[in-house]
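Quick look at start17.cif (mmCIF, C-alpha atoms):
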data_structure
#
loop_
_atom_site.label_atom_id
_atom_site.label_comp_id
_atom_site.auth_asym_id
_atom_site.auth_seq_id
_atom_site.Cartn_x
_atom_site.Cartn_y
_atom_site.Cartn_z
CA MET A 109 2.34 69.81 -9.15
CA LYS A 110 2.49 72.92 -11.35
CA ARG A 111 5.28 74.33 -9.18
CA ILE A 112 7.29 71.12 -9.53
CA ILE A 113 6.89 71.11 -13.33
CA GLY A 114 7.91 74.77 -13.45
CA TYR A 115 10.98 74.08 -11.34
CA LEU A 116 12.08 71.21 -13.60
CA TRP A 117 11.59 73.41 -16.64
CA VAL A 118 13.86 76.07 -15.12
CA CYS A 119 16.52 73.55 -14.14
CA PHE A 120 16.77 71.59 -17.35
CA VAL A 121 15.78 74.08 -20.05
CA THR A 122 15.51 77.75 -19.13
CA HIS A 123 18.73 78.18 -17.15
CA PRO A 124 21.20 76.65 -19.68
CA LEU A 125 19.42 78.29 -22.62
CA LEU A 126 19.62 81.74 -21.04
CA ALA A 127 23.27 81.20 -20.24
CA GLN A 128 23.94 80.00 -23.78
CA TYR A 129 22.41 82.97 -25.55
CA HIS A 130 23.24 85.80 -23.12
CA ASN A 131 26.81 85.02 -22.05
CA GLU A 132 29.02 84.89 -25.12
CA GLU A 133 32.15 84.38 -23.03
CA ILE A 134 31.18 80.86 -21.98
CA GLN A 135 33.41 78.24 -23.59
CA ARG A 136 31.54 75.23 -24.95
CA GLY A 137 32.95 71.95 -26.19
CA MET A 138 31.03 69.83 -28.67
CA ASN A 139 31.38 66.12 -29.21
CA GLU A 140 29.68 64.68 -32.30
CA GLY A 141 29.67 61.00 -33.19
CA THR A 142 28.12 59.12 -36.10
CA LEU A 143 27.88 55.34 -35.95
CA ILE A 144 26.48 52.52 -38.03
CA GLY A 145 25.64 49.11 -36.67
CA ILE A 146 24.05 45.74 -37.17
CA GLY A 147 22.64 43.19 -34.76
CA THR A 148 19.63 41.10 -33.79
CA SER A 149 15.95 42.07 -33.64
CA GLN A 150 12.80 40.50 -32.17
CA ILE A 151 9.28 41.73 -32.89
CA ARG A 152 5.87 40.70 -31.62
CA ASP A 153 2.79 42.79 -32.39
CA THR A 154 -0.53 41.04 -31.78
CA TYR A 155 -2.34 43.57 -33.99
CA LEU A 156 -0.57 41.76 -36.87
CA SER A 157 0.22 38.28 -35.54
CA PRO A 158 0.33 36.35 -32.24
CA PHE A 159 3.81 34.96 -33.01
CA ASN A 160 7.30 36.16 -32.16
CA TYR A 161 9.41 37.17 -35.15
CA ALA A 162 13.21 37.12 -35.04
CA GLY A 163 15.90 38.29 -37.43
CA TRP A 164 18.42 41.06 -38.00
CA GLY A 165 18.41 44.82 -37.63
CA ALA A 166 20.58 47.74 -38.78
CA ARG A 167 20.94 51.22 -37.30
CA ILE A 168 22.38 54.65 -38.09
CA PHE A 169 23.07 56.68 -34.95
CA ASN A 170 24.10 60.34 -34.65
CA GLU A 171 24.80 62.08 -31.34
CA ARG A 172 25.74 65.66 -30.55
CA MET A 173 26.75 66.53 -27.02
CA THR A 174 27.65 70.07 -25.93
CA PHE A 175 29.48 70.67 -22.65
CA PHE A 176 29.16 74.09 -21.00
CA ARG A 177 32.63 74.57 -19.54
CA GLU A 178 31.75 77.13 -16.85
CA MET A 179 28.60 75.32 -15.73
CA ARG A 180 27.70 71.78 -14.81
CA PHE A 181 25.18 71.32 -17.62
CA SER A 182 25.50 69.42 -20.88
CA ARG A 183 23.08 69.23 -23.78
CA GLN A 184 22.55 66.11 -25.89
CA GLN A 185 20.72 65.43 -29.15
CA ILE A 186 20.37 61.94 -30.61
CA ILE A 187 18.87 60.92 -33.94
CA SER A 188 18.74 57.24 -34.89
CA VAL A 189 17.16 55.32 -37.75
CA ASP A 190 16.77 51.56 -37.48
CA ILE A 191 15.34 48.96 -39.82
CA SER A 192 14.77 45.26 -39.27
CA SER A 193 13.75 42.13 -41.11
CA THR A 194 12.33 39.27 -39.04
CA GLU A 195 10.66 35.90 -39.65
CA ASN A 196 8.02 33.88 -37.83
CA PRO A 197 8.97 30.50 -36.30
CA ALA A 198 7.87 28.66 -39.48
CA GLU A 199 10.11 30.99 -41.58
CA ASN A 200 7.36 31.63 -44.14
CA VAL A 201 6.18 35.14 -43.11
CA ASN A 202 8.17 38.32 -42.54
CA ASP A 203 7.76 41.38 -40.35
CA PHE A 204 9.65 44.45 -41.57
CA GLY A 205 10.20 47.29 -39.12
CA ALA A 206 11.38 50.88 -39.63
CA PHE A 207 11.68 53.48 -36.87
CA VAL A 208 13.08 56.99 -36.39
CA ASN A 209 14.00 58.17 -32.88
CA TYR A 210 14.87 61.68 -31.74
CA SER A 211 15.78 62.75 -28.22
CA PHE A 212 16.79 66.08 -26.69
CA ALA A 213 18.28 66.06 -23.20
CA TYR A 214 19.89 68.20 -20.54
CA HIS A 215 22.16 66.57 -17.96
CA TYR A 216 23.59 67.91 -14.74
CA ARG A 217 27.15 66.86 -13.93
CA LEU A 218 27.76 65.49 -10.45
CA GLN A 219 31.14 65.53 -8.75
CA ALA A 220 32.54 62.01 -8.71
CA GLY A 221 36.31 61.98 -9.21
CA ALA A 222 39.22 63.04 -11.39
CA ASN A 223 38.59 60.37 -14.04
CA PHE A 224 34.99 59.45 -13.28
CA ARG A 225 31.89 61.52 -14.07
CA LEU A 226 28.21 61.01 -13.29
CA LEU A 227 25.49 62.96 -15.14
CA THR A 228 21.76 62.82 -14.58
CA GLY A 229 18.88 64.69 -16.15
CA ALA A 230 15.77 64.56 -18.29
CA SER A 231 15.10 64.08 -21.98
CA ALA A 232 12.19 64.47 -24.36
CA HIS A 233 11.88 61.59 -26.82
CA LEU A 234 9.91 61.19 -30.04
CA MET A 235 9.57 57.88 -31.88
CA GLY A 236 7.73 57.17 -35.11
CA GLY A 237 7.65 54.15 -37.38
CA PHE A 238 5.82 51.03 -38.44
CA ILE A 239 5.83 47.23 -38.58
CA TYR A 240 4.73 45.64 -41.86
CA ASN A 241 3.56 42.01 -42.10
CA THR A 242 3.84 40.30 -45.50
CA ARG A 243 0.91 37.90 -44.96
CA ASN A 244 -1.90 40.16 -43.72
CA GLY A 245 -4.22 41.49 -46.41
CA ASN A 246 -6.65 43.85 -44.69
CA ASN A 247 -4.38 45.06 -41.87
CA PRO A 248 -0.77 44.59 -42.99
CA LEU A 249 0.72 47.52 -41.06
CA SER A 250 0.97 48.59 -37.43
CA ALA A 251 2.01 52.24 -36.88
CA LYS A 252 3.95 53.38 -33.80
CA VAL A 253 4.09 56.99 -32.59
CA ASP A 254 5.33 57.83 -29.08
CA VAL A 255 6.21 61.05 -27.24
CA ASP A 256 7.85 60.56 -23.83
CA LEU A 257 9.55 62.37 -20.96
CA ASN A 258 12.53 60.28 -19.84
CA PHE A 259 14.88 59.98 -16.93
CA SER A 260 18.43 59.90 -18.31
CA PHE A 261 21.66 58.79 -16.65
CA LEU A 262 25.30 58.76 -17.83
CA ALA A 263 28.55 57.50 -16.36
CA LEU A 264 31.93 58.29 -17.96
CA TYR A 265 35.31 56.84 -17.04
CA ARG A 266 38.63 58.06 -18.46
CA PHE A 267 41.73 55.88 -18.48
CA ARG A 268 44.79 55.24 -20.62
CA ILE A 269 45.92 52.41 -22.84
CA ASN A 270 49.59 52.57 -23.88
CA GLY A 271 49.62 56.18 -22.75
CA ARG A 272 46.67 57.20 -24.94
CA PRO A 273 43.40 58.51 -23.41
CA VAL A 274 40.31 56.31 -23.70
CA VAL A 275 36.77 57.21 -22.61
CA LEU A 276 34.30 54.52 -21.58
CA ARG A 277 30.65 55.59 -21.26
CA TYR A 278 27.38 54.03 -20.14
CA GLN A 279 23.99 55.68 -20.71
CA GLY A 280 20.48 54.62 -19.80
CA ASP A 281 17.15 56.27 -20.74
CA LEU A 282 13.90 55.27 -19.05
CA PRO A 283 10.51 56.76 -20.10
CA LEU A 284 8.43 57.98 -17.19
CA VAL A 285 5.29 59.38 -18.81
CA GLY A 286 4.04 60.24 -22.29
CA VAL A 287 1.39 59.69 -24.92
CA PHE A 288 1.22 57.23 -27.79
CA PHE A 289 -0.93 56.09 -30.69
CA ALA A 290 -2.89 52.97 -29.65
CA PRO A 291 -5.54 51.57 -32.04
CA HIS A 292 -7.98 48.93 -30.84
CA TYR A 293 -7.55 45.29 -31.79
CA GLY A 294 -9.51 44.42 -34.93
CA ILE A 295 -10.05 48.04 -35.99
CA SER A 296 -8.48 48.76 -39.39
CA TYR A 297 -6.62 51.96 -40.20
CA TYR A 298 -9.24 52.67 -42.84
CA GLU A 299 -11.88 52.77 -40.10
CA ILE A 300 -9.68 55.02 -37.97
CA PHE A 301 -8.66 57.62 -40.53
CA ASN A 302 -11.31 57.41 -43.28
CA ALA A 303 -14.40 56.47 -41.32
CA GLY A 304 -13.51 58.76 -38.43
CA ASN A 305 -13.34 56.06 -35.76
CA MET A 306 -10.75 57.98 -33.70
CA ALA A 307 -12.19 57.30 -30.27
CA ASP A 308 -9.64 56.44 -27.61
CA VAL A 309 -6.62 55.93 -29.94
CA ILE A 310 -4.37 58.49 -28.20
CA LYS A 311 -3.47 57.16 -24.76
CA LEU A 312 -1.43 58.27 -21.79
CA ASN A 313 1.46 55.88 -21.22
CA SER A 314 3.47 55.08 -18.14
CA PHE A 315 4.61 51.94 -16.33
CA HIS A 316 1.05 50.56 -16.14
CA ASN A 317 0.84 49.97 -19.92
CA LYS A 318 4.32 50.49 -21.32
CA PHE A 319 7.92 49.74 -20.38
CA SER A 320 10.82 50.92 -22.50
CA LEU A 321 14.54 51.09 -21.79
CA LYS A 322 17.47 52.13 -23.94
CA THR A 323 21.02 51.50 -22.79
CA HIS A 324 24.22 51.99 -24.69
CA VAL A 325 27.87 51.55 -23.95
CA THR A 326 30.58 53.29 -25.99
CA MET A 327 34.37 53.41 -25.99
CA ASP A 328 36.26 56.29 -27.61
CA ILE A 329 39.75 55.32 -28.79
CA PRO A 330 42.18 57.80 -30.39
CA VAL A 331 43.54 56.63 -33.74
CA HIS A 332 46.21 58.96 -35.18
CA ASN A 333 44.44 62.36 -35.44
CA ALA A 334 40.91 60.95 -35.19
CA THR A 335 38.79 59.20 -32.55
CA LEU A 336 37.22 55.79 -33.16
CA ARG A 337 34.01 54.99 -31.29
CA LEU A 338 32.90 51.42 -30.62
CA GLY A 339 29.45 50.90 -29.19
CA TYR A 340 26.70 48.53 -28.14
CA LEU A 341 23.05 49.59 -27.93
CA SER A 342 20.21 47.62 -26.36
CA SER A 343 16.62 48.77 -26.94
CA LEU A 344 13.60 47.23 -25.23
CA TYR A 345 10.03 48.33 -25.93
CA HIS A 346 6.94 46.63 -24.49
CA SER A 347 3.35 47.87 -24.42
CA ASP A 348 -0.02 46.32 -23.57
CA ILE A 349 -2.97 48.56 -24.46
CA ASN A 350 -6.41 48.17 -26.12
CA ASP A 351 -5.98 44.35 -26.33
CA ILE A 352 -2.76 44.72 -28.36
CA LYS A 353 0.62 43.60 -27.06
CA THR A 354 3.79 44.90 -28.69
CA HIS A 355 7.31 43.70 -27.94
CA ILE A 356 10.35 45.07 -29.79
CA LEU A 357 13.86 44.10 -28.74
CA SER A 358 17.10 44.93 -30.53
CA ASN A 359 20.79 44.48 -29.76
CA THR A 360 23.15 46.39 -32.03
CA PHE A 361 26.93 46.55 -32.25
CA MET A 362 28.12 49.86 -33.71
CA ILE A 363 31.26 51.54 -35.01
CA GLY A 364 31.95 55.09 -36.10
CA TRP A 365 33.98 58.27 -35.69
CA VAL A 366 33.88 61.18 -33.26
CA LYS A 367 34.59 64.86 -33.90
CA GLN A 368 35.49 67.18 -31.04
CA PHE A 369 35.75 70.97 -31.27
CA MET A 370 35.23 74.14 -29.27
CA LEU A 371 32.45 76.71 -29.73
CA ARG A 372 32.11 80.26 -28.46
#
Produce structure tokens that represent the structure in this file.
Amino acid sequence: MKRIIGYLWVCFVTHPLLAQYHNEEIQRGMNEGTLIGIGTSQIRDTYLSPFNYAGWGARIFNERMTFFREMRFSRQQIISVDISSTENPAENVNDFGAFVNYSFAYHYRLQAGANFRLLTGASAHLMGGFIYNTRNGNNPLSAKVDVDLNFSFLALYRFRINGRPVVLRYQGDLPLVGVFFAPHYGISYYEIFNAGNMADVIKLNSFHNKFSLKTHVTMDIPVHNATLRLGYLSSLYHSDINDIKTHILSNTFMIGWVKQFMLR
């Protein structure tokens, strides 16, 4: 097992980093996109309430992707901030959510075709945030902190519309293993942090107690001297641990601009 982990580390981290810092002749292209979006959100957290809450969500999304021209590796960093406002079925109580996500990935480019590219790799993902319920008095907030190792997959297709190049991309990220903060049902945050009741609140997560999947589709369209990016992002998060079930689902339509430039 240790040999496998060491091999993955060399493939996805050590090799491209050594090439980056010790071979100054390598040409690198960077693609940076910033998008804003709005869509729907659904939240259910039984630490706060047994009901499903539904409403709207907004997101700011920034991505930087560096392509190593003389190698088959690419590096990706994504930072996103999303907020949501949802209501219970009776429309008299609100859940407010706020989350920050950061991921750092390396992908290996597979040979597919002249206009079609497949990339696969691994990413480290960190998520932190909270859900706040307007009715609860003693326990109004549920905190979420996750650190995951993900499998990541991309497919890119280049084509032309009226003679102008367009890039269509699909990406999926699936957590395989990680750790997260998981308080017990009925235990207040005062008891956890002030009274020192920290037993068993940091848990290993995998498919047995958590399923999460992020997928997004983007289309890059040249407009005069700039590139417009249209996108759709779907985020599903479900966990069942320590008698608490959490379900967070969002669908966001996004728009923004892309910058492309070369580095040495």
Min atom-atom distance to Ile352 in chain A from the set A:Asn196, A:Ser157, A:Ser149, A:Thr242, counting all atoms listed in the file, belongs to A:Ser157
What is the distance between CA of Met362 in chain A and CA of Tyr240 in chain A, in Å to one decimal?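 Going from CA of Met362 in chain A over to CA of Tyr240 in chain A covers 25.1 Å.
Within the file as shown, the PyMOL selection byres ((chain A and resi 327) around 9) identifies Val274, Val275, Leu276, Arg277, Val325, Thr326, Asp328, Ile329, Leu336, Arg337, Leu338 and Gly339 of chain A.
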A straight line from CA of Phe267 in chain A to CA of Leu282 in chain A spans 27.8 Å
Result set of the PyMOL selection byres ((chain A and resi 143) around 12) on the coordinates above, as number ranges by chain: A: 140-142, 144-146, 166-172, 186-190, 326, 328, 336-341, 360-367
Rounded to one decimal in Å, what is the spacing between CA of Pro248 in chain A and CA of Pro283 in chain A?
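Value for the CA of Pro248 in chain A-CA of Pro283 in chain A distance: 28.3 Å.
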* Starting from the point (9.2, 34.6, -38.0), work out which residues of protein, DNA or RNA have an atom no more than 9 Å away when counting only C-alpha atoms; state them as a count of residues only. => 16
(Q) Counting only C-alpha atoms, which residue out of A:Asn359, A:Asn333, A:Thr354, A:Ser192 sits closest to Lys252 in chain A? (A)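 Checking each of A:Asn359, A:Asn333, A:Thr354, A:Ser192 against Lys252 in chain A, counting only C-alpha atoms, the winner is A:Thr354.
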* **Residues returned when the PyMOL selection byres ((chain A and resi 207) around 7) runs on this file, as a list in words** =>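 For this structure, the PyMOL selection byres ((chain A and resi 207) around 7) resolves to Val189, Asp190, Ile191, Gly205, Ala206, Val208, Asn209, Met235, Gly236, Gly237 and Phe238 of chain A.
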